[in-house]
file query-v1.txt (compact mmCIF, C-alpha atoms)
# COMPACT_ATOMS: atom_id res chain seq x y z
CA SER Q 559 36.15 13.63 -35.02
CA ARG Q 560 35.56 10.81 -32.60
CA PHE Q 561 34.05 13.40 -30.22
CA LEU Q 562 31.80 14.98 -32.82
CA LEU Q 563 28.65 14.40 -30.80
CA ASP Q 564 29.60 14.91 -27.16
CA PHE Q 565 26.95 16.57 -25.06
CA SER Q 566 29.54 17.80 -22.60
CA THR Q 567 30.31 20.37 -25.33
CA LYS Q 568 27.29 22.55 -24.95
CA LYS Q 569 28.31 24.69 -27.90
CA GLN Q 570 28.85 21.76 -30.25
CA VAL Q 571 25.55 19.92 -29.88
CA VAL Q 572 24.57 19.27 -33.48
CA PHE Q 573 22.61 16.04 -33.24
CA ASP Q 574 19.37 17.67 -32.11
CA THR Q 575 19.22 21.44 -31.81
CA THR Q 576 16.00 21.23 -29.79
CA ILE Q 577 17.91 19.92 -26.77
CA ASN Q 578 18.09 22.47 -24.00
CA THR Q 579 20.98 21.71 -21.63
CA LYS Q 580 21.11 23.42 -18.23
CA GLU Q 581 24.05 25.25 -16.76
CA VAL Q 582 26.31 22.88 -14.83
CA ILE Q 583 25.91 23.28 -11.09
CA PHE Q 584 28.66 20.81 -10.17
CA MET Q 585 31.22 18.94 -12.20
CA GLU Q 586 29.76 16.91 -15.01
CA ILE Q 587 30.33 13.15 -15.17
CA GLY Q 588 32.08 13.11 -18.51
CA GLY Q 589 34.13 15.35 -20.77
CA PHE Q 590 37.62 14.95 -22.16
CA PHE Q 591 40.64 14.25 -19.96
CA PRO Q 592 42.72 17.01 -18.32
CA TYR Q 593 46.37 16.67 -17.40
CA GLU Q 594 46.81 14.05 -14.66
CA GLU Q 595 49.39 12.73 -12.23
CA THR Q 596 51.48 9.79 -13.42
CA SER Q 597 53.50 7.18 -11.57
CA GLY Q 598 57.24 7.42 -11.02
CA ALA Q 599 58.14 4.09 -12.58
CA GLU Q 600 57.57 3.08 -16.18
CA THR Q 601 54.42 1.00 -16.58
CA ASN Q 602 55.44 -0.54 -19.91
CA TYR Q 603 52.34 0.26 -21.95
CA ALA Q 604 53.80 -0.95 -25.24
CA ILE Q 605 55.07 -4.25 -23.85
CA ARG Q 606 51.86 -4.97 -21.97
CA MET Q 607 49.38 -4.02 -24.66
CA CYS Q 608 51.27 -4.98 -27.81
CA PRO Q 609 53.88 -7.60 -26.91
CA SER Q 610 54.25 -8.76 -30.53
CA ALA Q 611 55.44 -5.32 -31.70
CA THR Q 612 58.93 -5.01 -33.13
CA ASP Q 613 58.83 -1.24 -33.65
CA MET Q 614 56.82 1.69 -32.24
CA LYS Q 615 56.36 5.34 -33.20
CA HIS Q 616 54.63 8.08 -31.22
CA LEU Q 617 52.38 10.24 -33.42
CA MET Q 618 50.38 13.41 -32.88
CA SER Q 619 47.00 11.63 -32.97
CA GLY Q 620 45.31 8.31 -33.62
CA ARG Q 621 44.53 9.21 -37.22
CA CYS Q 622 48.18 10.19 -37.73
CA ALA Q 623 49.10 6.73 -36.41
CA ILE Q 624 46.69 5.00 -38.81
CA TYR Q 625 47.91 7.06 -41.74
CA TYR Q 626 51.52 6.37 -40.76
CA CYS Q 627 50.90 2.61 -40.77
CA LEU Q 628 49.24 2.94 -44.18
CA GLN Q 629 52.21 4.88 -45.56
CA ASP Q 630 54.53 2.09 -44.42
CA SER Q 631 52.27 -0.65 -45.80
CA MET Q 632 51.92 1.12 -49.15
CA LEU Q 633 55.65 0.65 -49.76
CA THR Q 634 54.88 -3.00 -50.53
CA ASP Q 635 51.10 -3.04 -51.15
CA GLN Q 636 50.54 -2.20 -54.79
CA ARG Q 637 46.88 -3.34 -54.86
CA ARG Q 638 45.63 -1.06 -52.05
CA VAL Q 639 42.17 -2.52 -51.54
CA ALA Q 640 40.92 -2.21 -47.95
CA TYR Q 641 38.16 -3.95 -45.97
CA LEU Q 642 36.86 -1.69 -43.19
CA PRO Q 643 34.05 -1.73 -40.62
CA SER Q 644 30.90 0.11 -41.69
CA TYR Q 645 30.44 1.14 -38.05
CA THR Q 646 33.47 3.35 -37.52
CA CYS Q 647 34.73 6.89 -37.14
CA GLU Q 648 34.96 9.23 -40.09
CA THR Q 649 38.61 9.90 -39.20
CA VAL Q 650 39.48 6.22 -39.60
CA THR Q 651 37.85 5.84 -43.00
CA GLY Q 652 39.23 9.22 -44.02
CA CYS Q 653 42.80 7.94 -43.68
CA PHE Q 654 42.13 5.28 -46.32
CA VAL Q 655 40.36 7.78 -48.56
CA LYS Q 656 43.33 10.15 -48.25
CA ALA Q 657 45.69 7.27 -49.14
CA ASN Q 658 43.59 6.49 -52.25
CA TYR Q 659 42.58 2.98 -51.22
CA GLU Q 660 39.68 1.19 -52.86
CA ILE Q 661 37.36 0.37 -49.95
CA TYR Q 662 34.95 -2.45 -49.14
CA TYR Q 663 32.97 -2.37 -45.90
CA TYR Q 664 31.65 -5.10 -43.61
CA ASP Q 665 28.41 -4.80 -41.68
CA VAL Q 666 28.36 -4.70 -37.84
CA ASP Q 667 25.38 -6.06 -35.90
CA GLU Q 668 23.66 -4.73 -32.76
CA HIS Q 669 26.07 -6.70 -30.55
CA LEU Q 670 28.87 -4.89 -32.42
CA VAL Q 671 30.03 -8.13 -34.02
CA PRO Q 672 31.54 -7.74 -37.52
CA GLN Q 673 29.74 -9.57 -40.32
CA PHE Q 674 32.72 -10.57 -42.46
CA ASP Q 675 32.27 -11.81 -46.04
CA GLU Q 676 34.81 -14.54 -46.82
CA THR Q 677 34.23 -14.17 -50.57
CA LEU Q 678 36.08 -10.84 -50.40
CA ILE Q 679 39.34 -12.26 -49.06
CA ASP Q 680 40.83 -12.70 -52.52
CA LYS Q 681 39.80 -9.16 -53.52
CA ILE Q 682 41.36 -7.25 -50.63
CA SER Q 683 44.95 -6.47 -49.71
CA PHE Q 684 44.31 -4.77 -46.34
CA LEU Q 685 41.98 -5.60 -43.43
CA LEU Q 686 41.20 -3.26 -40.55
CA ILE Q 687 39.82 -4.81 -37.35
CA THR Q 688 38.77 -3.04 -34.20
CA GLY Q 689 37.05 -3.53 -30.87
CA TYR Q 690 34.24 -1.46 -29.43
CA TYR Q 691 33.97 0.20 -25.99
CA GLY Q 692 36.65 -2.10 -24.54
CA PHE Q 693 35.34 -5.35 -26.03
CA SER Q 694 36.92 -7.31 -28.90
CA THR Q 695 34.12 -8.87 -30.95
CA PHE Q 696 35.74 -9.81 -34.27
CA ASP Q 697 36.13 -13.37 -35.57
CA SER Q 698 39.79 -14.22 -35.05
CA GLU Q 699 39.62 -17.16 -37.45
CA PHE Q 700 38.60 -14.85 -40.30
CA VAL Q 701 41.58 -12.63 -39.52
CA ARG Q 702 43.92 -15.61 -39.68
CA LYS Q 703 42.44 -16.65 -43.02
CA CYS Q 704 43.10 -13.19 -44.38
CA ARG Q 705 46.72 -13.28 -43.31
CA HIS Q 706 47.10 -16.77 -44.75
CA HIS Q 707 46.01 -15.31 -48.09
CA GLY Q 708 48.59 -12.52 -47.89
CA VAL Q 709 46.27 -9.77 -46.64
CA THR Q 710 47.91 -7.14 -44.44
CA VAL Q 711 46.04 -6.75 -41.14
CA MET Q 712 45.92 -3.67 -38.93
CA GLN Q 713 44.14 -3.50 -35.59
CA ASP Q 714 42.83 -0.17 -34.31
CA THR Q 715 42.91 -0.61 -30.54
CA THR Q 716 41.59 2.85 -29.68
CA HIS Q 717 38.47 1.34 -28.08
CA THR Q 718 40.42 -1.48 -26.37
CA ALA Q 719 43.54 0.48 -25.43
CA LEU Q 720 43.67 -0.71 -21.80
CA SER Q 721 41.94 -4.08 -22.13
CA PRO Q 722 44.22 -6.75 -20.62
CA SER Q 723 43.61 -8.91 -23.70
CA GLY Q 724 46.05 -6.60 -25.52
CA CYS Q 725 46.40 -6.53 -29.27
CA PHE Q 726 45.58 -9.56 -31.42
CA ALA Q 727 48.66 -11.68 -32.11
CA ASP Q 728 48.08 -12.19 -35.85
CA VAL Q 729 48.35 -8.61 -37.10
CA ASP Q 730 50.93 -6.61 -39.03
CA TYR Q 731 50.17 -3.17 -37.60
CA VAL Q 732 48.46 -1.71 -34.54
CA ALA Q 733 47.30 1.90 -34.21
CA VAL Q 734 45.79 3.52 -31.12
CA SER Q 735 44.65 6.91 -29.87
CA LEU Q 736 45.18 7.28 -26.13
CA ARG Q 737 43.59 10.72 -25.73
CA LYS Q 738 40.33 8.89 -24.99
CA TRP Q 739 41.95 7.17 -22.00
CA MET Q 740 44.31 9.70 -20.39
CA GLY Q 741 45.32 13.35 -20.38
CA VAL Q 742 47.82 13.78 -23.23
CA ILE Q 743 47.94 16.25 -26.11
CA SER Q 744 49.35 13.74 -28.58
CA GLY Q 745 48.16 10.19 -27.99
CA GLY Q 746 48.82 8.33 -31.24
CA LEU Q 747 50.92 5.18 -31.19
CA ALA Q 748 51.78 3.07 -34.23
CA PHE Q 749 53.18 -0.43 -33.84
CA LYS Q 750 54.71 -2.70 -36.46
CA CYS Q 751 54.70 -6.43 -35.76
CA GLY Q 752 57.60 -7.73 -37.80
CA GLY Q 753 60.46 -5.53 -38.95
CA THR Q 754 60.80 -1.78 -38.53
CA PHE Q 755 58.96 1.20 -39.98
CA GLN Q 756 60.52 2.48 -43.18
CA VAL Q 757 58.78 5.87 -43.14
CA THR Q 758 60.08 8.92 -41.28
CA PRO Q 759 57.47 10.91 -39.31
CA LEU Q 760 57.01 14.62 -39.95
CA PRO Q 761 57.74 17.14 -37.18
CA ALA Q 762 54.90 17.83 -34.74
CA ASP Q 763 52.65 20.81 -35.41
CA GLU Q 764 53.56 23.04 -32.47
CA HIS Q 765 50.63 25.42 -32.91
CA HIS Q 766 48.15 22.54 -32.86
CA LEU Q 767 49.74 21.06 -29.74
CA SER Q 768 49.69 24.46 -28.01
CA VAL Q 769 45.91 24.65 -28.50
CA ARG Q 770 45.50 21.18 -27.03
CA ASP Q 771 47.80 22.10 -24.16
CA TYR Q 772 45.55 25.06 -23.32
CA ALA Q 773 42.45 22.84 -23.51
CA LEU Q 774 43.88 20.24 -21.10
CA SER Q 775 45.33 22.82 -18.70
CA THR Q 776 42.05 24.70 -18.53
CA ARG Q 777 40.08 21.48 -18.15
CA HIS Q 778 42.36 20.60 -15.23
CA GLU Q 779 41.51 23.92 -13.56
CA TYR Q 780 37.80 23.32 -14.17
CA GLU Q 781 37.88 19.89 -12.53
CA HIS Q 782 39.47 21.45 -9.44
CA THR Q 783 37.20 24.51 -9.22
CA ASN Q 784 33.92 23.54 -10.96
CA ASN Q 785 34.10 26.95 -12.64
CA GLU Q 786 31.82 26.60 -15.66
CA GLU Q 787 33.57 29.45 -17.49
CA LEU Q 788 36.78 27.39 -17.45
CA ASN Q 789 34.83 24.40 -18.74
CA LYS Q 790 33.57 26.49 -21.65
CA LYS Q 791 37.05 27.79 -22.47
CA SER Q 792 38.49 24.28 -22.41
CA GLN Q 793 35.71 22.97 -24.64
CA ASP Q 794 36.17 25.80 -27.13
CA ALA Q 795 39.90 25.08 -27.34
CA PHE Q 796 39.28 21.35 -27.63
CA TRP Q 797 36.95 21.82 -30.57
CA LYS Q 798 39.26 24.30 -32.24
CA ALA Q 799 41.96 21.63 -32.14
CA GLU Q 800 39.61 18.88 -33.33
CA TRP Q 801 38.46 20.77 -36.40
CA GLU Q 802 41.99 21.95 -37.14
CA LEU Q 803 43.31 18.38 -37.00
CA ARG Q 804 40.92 17.37 -39.78
CA LYS Q 805 42.75 19.76 -42.09
CA ILE Q 806 46.37 19.27 -41.05
CA TYR Q 807 46.80 15.61 -40.08
CA ASP Q 808 49.47 13.63 -41.83
CA ILE Q 809 52.23 11.57 -40.20
CA GLN Q 810 53.30 14.16 -37.60
CA GLU Q 811 55.15 12.85 -34.57
CA GLY Q 812 53.99 13.44 -31.00
CA ASP Q 813 55.49 15.56 -28.22
CA PRO Q 814 57.95 14.20 -25.62
CA LYS Q 815 55.83 15.14 -22.61
CA SER Q 816 52.87 13.09 -23.85
CA LEU Q 817 55.09 10.09 -24.50
CA GLU Q 818 56.46 10.31 -20.97
CA THR Q 819 52.90 10.36 -19.63
CA ILE Q 820 51.98 7.29 -21.69
CA LEU Q 821 55.06 5.38 -20.54
CA HIS Q 822 54.43 6.24 -16.87
CA TYR Q 823 50.66 6.15 -16.77
CA PRO Q 824 49.17 4.13 -13.83
CA ILE Q 825 47.52 1.56 -16.08
CA ASP Q 826 46.47 -0.90 -13.37
CA ASN Q 827 44.71 1.81 -11.38
CA ALA Q 828 42.80 2.97 -14.47
CA ILE Q 829 41.77 -0.57 -15.39
CA GLU Q 830 40.59 -1.33 -11.85
CA LYS Q 831 38.49 1.84 -11.57
CA ARG Q 832 36.94 1.53 -15.02
CA ARG Q 833 35.99 -2.10 -14.44
CA LYS Q 834 34.56 -1.29 -11.02
CA ASN Q 835 32.44 1.56 -12.37
CA PHE Q 836 31.21 -0.47 -15.35
CA ALA Q 837 30.31 -3.40 -13.07
CA TYR Q 838 28.41 -1.08 -10.74
CA LEU Q 839 26.36 0.33 -13.61
CA LEU Q 840 25.75 -3.13 -15.01
CA LYS Q 841 24.36 -4.29 -11.66
CA HIS Q 842 22.40 -1.21 -10.59
CA LEU Q 843 21.03 0.51 -13.68
CA PRO Q 844 17.25 0.04 -13.87
CA LYS Q 845 15.93 -2.51 -16.35
CA ASN Q 846 14.24 -0.81 -19.25
CA PRO Q 847 13.43 -2.58 -22.53
CA GLU Q 848 13.80 0.75 -24.33
CA VAL Q 849 17.34 1.29 -22.99
CA ARG Q 850 19.44 -1.82 -23.52
CA PRO Q 851 23.10 -2.22 -22.49
CA ILE Q 852 25.02 -3.70 -25.42
CA PHE Q 853 27.36 -5.69 -23.20
CA THR Q 854 25.71 -7.48 -20.28
CA GLU Q 855 28.82 -9.19 -18.91
CA LEU Q 856 32.32 -7.99 -18.06
CA PRO Q 857 34.99 -10.58 -18.95
CA ASP Q 858 38.31 -10.48 -17.12
CA ASP Q 859 40.21 -9.40 -20.24
CA VAL Q 860 38.11 -6.25 -20.82
CA CYS Q 861 38.74 -2.69 -19.68
CA PRO Q 862 35.68 -0.61 -20.63
CA MET Q 863 36.03 2.60 -22.58
CA PHE Q 864 32.45 3.79 -22.01
CA PHE Q 865 29.15 2.15 -21.07
CA PRO Q 866 27.15 1.80 -24.33
CA PHE Q 867 23.42 1.34 -24.88
CA LEU Q 868 20.99 0.87 -27.73
CA VAL Q 869 18.08 3.23 -27.11
CA ASP Q 870 14.66 3.35 -28.78
CA ASN Q 871 14.10 7.07 -28.11
CA ARG Q 872 17.67 8.32 -28.03
CA ASN Q 873 16.86 12.02 -28.21
CA ALA Q 874 14.69 11.92 -25.10
CA LEU Q 875 17.23 10.03 -23.01
CA MET Q 876 20.12 12.20 -24.16
CA GLU Q 877 18.18 15.35 -23.31
CA HIS Q 878 17.44 13.97 -19.84
CA LEU Q 879 21.05 12.96 -19.19
CA ALA Q 880 22.53 16.22 -20.47
CA ALA Q 881 20.10 18.21 -18.31
CA ASN Q 882 21.37 16.30 -15.27
CA GLU Q 883 25.11 16.79 -15.85
CA VAL Q 884 25.66 13.27 -17.23
CA PRO Q 885 26.79 14.18 -20.76
CA PRO Q 886 26.04 11.30 -23.15
CA LYS Q 887 28.12 10.55 -26.21
CA ILE Q 888 27.43 9.22 -29.68
CA TYR Q 889 30.17 7.22 -31.35
CA TRP Q 890 29.77 8.03 -34.23
CA PRO Q 891 27.82 9.94 -36.87
CA VAL Q 892 27.79 8.05 -40.17
CA PRO Q 893 30.97 8.85 -42.14
CA PRO Q 894 30.24 10.70 -45.39
CA PHE Q 895 32.23 8.08 -47.32
CA ILE Q 896 29.76 5.27 -46.56
CA ASP Q 897 26.35 4.64 -48.12
CA ILE Q 898 25.02 3.19 -44.89
CA THR Q 899 21.80 1.91 -46.48
CA GLY Q 900 23.87 -0.97 -47.82
CA TYR Q 901 24.71 -2.05 -44.25
CA PRO Q 902 21.38 -2.31 -42.42
CA LYS Q 903 22.74 -3.69 -39.16
CA ALA Q 904 25.27 -0.88 -38.81
CA GLU Q 905 22.63 1.62 -39.89
CA TYR Q 906 20.50 0.52 -36.92
CA VAL Q 907 23.48 0.89 -34.57
CA TYR Q 908 24.26 4.40 -35.81
CA GLY Q 909 20.66 5.42 -35.21
CA HIS Q 910 20.28 4.01 -31.70
CA ILE Q 911 23.63 3.81 -29.93
CA MET Q 912 24.81 6.14 -27.15
CA SER Q 913 27.16 5.83 -24.20
CA ILE Q 914 28.09 7.38 -20.86
CA CYS Q 915 31.40 7.75 -19.02
CA CYS Q 916 32.63 5.28 -16.43
CA ASP Q 917 36.33 6.14 -16.44
CA GLN Q 918 38.94 6.35 -13.70
CA ARG Q 919 38.18 9.97 -12.76
CA PHE Q 920 34.89 8.94 -11.21
CA SER Q 921 34.03 7.00 -8.06
CA GLU Q 922 31.13 4.84 -6.98
CA GLU Q 923 29.42 8.00 -5.71
CA GLU Q 924 29.31 9.41 -9.23
CA MET Q 925 28.05 6.08 -10.56
CA LYS Q 926 25.25 6.21 -7.98
CA LYS Q 927 24.29 9.59 -9.33
CA VAL Q 928 24.23 8.18 -12.87
CA VAL Q 929 21.95 5.37 -11.71
CA ALA Q 930 19.63 7.86 -10.00
CA VAL Q 931 19.40 9.90 -13.21
CA PHE Q 932 18.44 6.78 -15.17
CA GLU Q 933 15.89 5.81 -12.51
CA ASP Q 934 14.35 9.26 -12.77
CA TYR Q 935 14.10 8.86 -16.56
CA LYS Q 936 12.25 5.56 -16.19
CA LYS Q 937 9.51 7.13 -14.05

call {"tool": "encode", "arguments": {"input": "query-v1.txt", "output": "structure tokens"}}
result
Amino acid sequence: SRFLLDFSTKKQVVFDTTINTKEVIFMEIGGFFPYEETSGAETNYAIRMCPSATDMKHLMSGRCAIYYCLQDSMLTDQRRVAYLPSYTCETVTGCFVKANYEIYYYDVDEHLVPQFDETLIDKISFLLITGYYGFSTFDSEFVRKCRHHGVTVMQDTTHTALSPSGCFADVDYVAVSLRKWMGVISGGLAFKCGGTFQVTPLPADEHHLSVRDYALSTRHEYEHTNNEELNKKSQDAFWKAEWELRKIYDIQEGDPKSLETILHYPIDNAIEKRRKNFAYLLKHLPKNPEVRPIFTELPDDVCPMFFPFLVDNRNALMEHLAANEVPPKIYWPVPPFIDITGYPKAEYVYGHIMSICCDQRFSEEEMKKVVAVFEDYKK
């Protein structure tokens, strides 16, 4: 799962079992989203973020959306040879494995810039591009060359879901998971840019959605009471759903309530708060050569997902943050499908990257606390 290593889940810490997290005294700065208030009017997410789309489907999760796009593409793609990022989530790569694609990978450097190999263009039939933490870093000219050679292109916008830059114009499909940005139990959207989808989604898995509903409802109670027992219950339910989804995902559709939330979500407010929090951290975090922000500027067309770092001694910093109610995250563990030794730049990223939350639930006061925790670590 994309949340496999999330130190807000005290029970699920698997990266380093020596870490000893304290009981939360007040609400942690992190964790997954609860249910939230939405605006009365439609905020036109699809039109704003993917204006080139000609068809859209709402799916149960981001991986369902990716797999749905693949099922549609496979109707005309007989070669089924994909080119994927080596720095990615297991659930993304797993969709291509499940669909029986032959897979090539491209390396990703410490600035999270893809290292494309143009000699592979004639070998592949499908290219997956993505952004990271709100920032689009891929070479758009390479993407255009691929399309010119008849390669189908899909963009996974999960990490750039609210960035004003929107989806890249020269793509055939777009898939996104919005559960990382707002409180919904089914956040997968699949877009087709040219024509309509020719595949019918499966019915939603009601049991799975009921588990997620309990997780979000309980998380909502926790964020209004700071009751750590509620936090634990919500985390347990969240992880039950995450592990279950690995086994059951296919092309299941989403639930109507989540779609209504997506269509009425206060996007501008979320973008403004995330950018403000990211900018505050960028300006006020202490300089430390052993803890290096990956992105040192905030362009106008970026809405941050998290605030990512490359860290020399990641275990020590993560232990310090977790002990001070600032749960760090690792996106991601190396997928089991990739021999990462063949991609040294991505291997370095996997071994040193971590991030912290800066989303719309938190104010400048919480960001000040984050800064103070980092200053204490530097001492």

call {"tool": "closest_atom_pairs", "arguments": {"input": "query-v1.txt", "of": "segment 612-685 of chain Q", "to": "segment 759-766 of chain Q", "cutoff": "9 Å", "atoms": "all atoms listed in the file", "output": "CSV"}}
result
residue,atom,partner,partner_atom,distance
Q:Lys615,CA,Q:Pro759,CA,8.3
Q:Leu617,CA,Q:Pro759,CA,7.8
Q:Met618,CA,Q:Ala762,CA,6.6
Q:Tyr626,CA,Q:Pro759,CA,7.6

call {"tool": "closest_residue", "arguments": {"input": "query-v1.txt", "among": "Q:Gly708, Q:Pro902, Q:Gly598, Q:Pro592", "to": "Glu779 of chain Q", "atoms": "all atoms listed in the file"}}
result
Q:Pro592

call {"tool": "closest_residue", "arguments": {"input": "query-v1.txt", "among": "Q:Ser816, Q:Gln918, Q:Ser792, Q:Asn835", "to": "Ile743 of chain Q", "atoms": "only C-alpha atoms"}}
result
Q:Ser816

call {"tool": "residues_around", "arguments": {"input": "query-v1.txt", "residues": "His842 of chain Q", "least_positions_apart": "3", "cutoff": "9 Å", "atoms": "all atoms listed in the file", "output": "VMD selection string"}}
result
chain Q and resid 837 to 839 845 926 929

call {"tool": "atom_distance", "arguments": {"input": "query-v1.txt", "atom1": "atom CA of Leu843 of chain Q", "atom2": "atom CA of Met912 of chain Q"}}
result
15.1 Å

call {"tool": "atom_distance", "arguments": {"input": "query-v1.txt", "atom1": "atom CA of Glu800 of chain Q", "atom2": "atom CA of Phe867 of chain Q"}}
result
25.3 Å

call {"tool": "residues_around", "arguments": {"input": "query-v1.txt", "residues": "Leu803 of chain Q", "least_positions_apart": "2", "cutoff": "12 Å", "atoms": "only C-alpha atoms", "output": "list in words"}}
result
Ser559, Arg560, Met618, Ser619, Gly620, Arg621, Cys622, Thr649, Ser744, Ala762, Asp763, His765, His766, Leu767, Val769, Arg770, Phe796, Trp797, Lys798, Ala799, Glu800, Trp801, Lys805, Ile806, Tyr807, Asp808, Ile809 and Gln810 of chain Q

call {"tool": "closest_residue", "arguments": {"input": "query-v1.txt", "among": "Q:Ser683, Q:Thr612, Q:Ser631, Q:Thr646", "to": "Gly753 of chain Q", "atoms": "all atoms listed in the file"}}
result
Q:Thr612

call {"tool": "closest_residue", "arguments": {"input": "query-v1.txt", "among": "Q:Thr819, Q:Gln629, Q:Ser644, Q:Gln756", "to": "Pro893 of chain Q", "atoms": "all atoms listed in the file"}}
result
Q:Ser644

call {"tool": "atom_distance", "arguments": {"input": "query-v1.txt", "atom1": "atom CA of Ala719 of chain Q", "atom2": "atom CA of Lys738 of chain Q"}}
result
9.0 Å

call {"tool": "closest_residue", "arguments": {"input": "query-v1.txt", "among": "Q:Ile587, Q:Cys725, Q:Tyr625, Q:Ile605", "to": "Gly652 of chain Q", "atoms": "all atoms listed in the file"}}
result
Q:Tyr625

call {"tool": "residues_around", "arguments": {"input": "query-v1.txt", "residues": "Lys791 of chain Q", "least_positions_apart": "5", "cutoff": "10 Å", "atoms": "all atoms listed in the file", "output": "NGL selection string"}}
result
:Q and (772-773 or 776-777 or 780 or 786 or 796)

call {"tool": "axis_aligned_box", "arguments": {"input": "query-v1.txt", "around": "segment 649-667 of chain Q", "padding_each_side": "8 Å", "output": "lines of an AutoDock Vina configuration file"}}
result
center_x = 35.5
center_y = 2.0
center_z = -44.4
size_x = 36.3
size_y = 32.2
size_z = 33.0

call {"tool": "residues_around", "arguments": {"input": "query-v1.txt", "residues": "Cys861 of chain Q", "least_positions_apart": "6", "cutoff": "9 Å", "atoms": "only C-alpha atoms", "output": "count of residues only"}}
result
15

call {"tool": "closest_residue", "arguments": {"input": "query-v1.txt", "among": "Q:Glu781, Q:Leu840, Q:Asp630, Q:Lys790", "to": "Phe920 of chain Q", "atoms": "all atoms listed in the file"}}
result
Q:Glu781

call {"tool": "build_atoms", "arguments": {"input": "query-v1.txt", "residues": "segment 695-709 of chain Q", "atoms": "N, CA and C atoms", "output": "short mmCIF file (atom, residue, chain, number, x, y, z; two decimals), in the frame of the given file"}}
result
data_model
loop_
_atom_site.label_atom_id
_atom_site.label_comp_id
_atom_site.auth_asym_id
_atom_site.auth_seq_id
_atom_site.Cartn_x
_atom_site.Cartn_y
_atom_site.Cartn_z
N THR Q 695 35.26 -8.06 -30.50
CA THR Q 695 34.12 -8.87 -30.95
C THR Q 695 34.36 -9.52 -32.31
N PHE Q 696 35.51 -9.29 -32.93
CA PHE Q 696 35.74 -9.81 -34.27
C PHE Q 696 36.07 -11.30 -34.26
N ASP Q 697 35.87 -11.95 -35.39
CA ASP Q 697 36.13 -13.37 -35.57
C ASP Q 697 37.62 -13.56 -35.86
N SER Q 698 38.35 -14.08 -34.89
CA SER Q 698 39.79 -14.22 -35.05
C SER Q 698 40.16 -15.20 -36.15
N GLU Q 699 39.32 -16.19 -36.40
CA GLU Q 699 39.62 -17.16 -37.45
C GLU Q 699 39.58 -16.50 -38.82
N PHE Q 700 38.65 -15.58 -39.03
CA PHE Q 700 38.60 -14.85 -40.30
C PHE Q 700 39.88 -14.04 -40.50
N VAL Q 701 40.36 -13.43 -39.43
CA VAL Q 701 41.58 -12.63 -39.52
C VAL Q 701 42.76 -13.53 -39.93
N ARG Q 702 42.83 -14.69 -39.34
CA ARG Q 702 43.92 -15.61 -39.68
C ARG Q 702 43.83 -16.06 -41.14
N LYS Q 703 42.61 -16.27 -41.62
CA LYS Q 703 42.44 -16.65 -43.02
C LYS Q 703 42.94 -15.55 -43.94
N CYS Q 704 42.64 -14.32 -43.58
CA CYS Q 704 43.10 -13.19 -44.38
C CYS Q 704 44.63 -13.16 -44.45
N ARG Q 705 45.25 -13.31 -43.32
CA ARG Q 705 46.72 -13.28 -43.31
C ARG Q 705 47.31 -14.45 -44.10
N HIS Q 706 46.64 -15.60 -44.01
CA HIS Q 706 47.10 -16.77 -44.75
C HIS Q 706 47.06 -16.53 -46.25
N HIS Q 707 46.13 -15.65 -46.67
CA HIS Q 707 46.01 -15.31 -48.09
C HIS Q 707 46.81 -14.07 -48.46
N GLY Q 708 47.70 -13.63 -47.58
CA GLY Q 708 48.59 -12.52 -47.89
C GLY Q 708 48.01 -11.15 -47.65
N VAL Q 709 46.88 -11.06 -46.94
CA VAL Q 709 46.27 -9.77 -46.64
C VAL Q 709 46.98 -9.14 -45.43
#
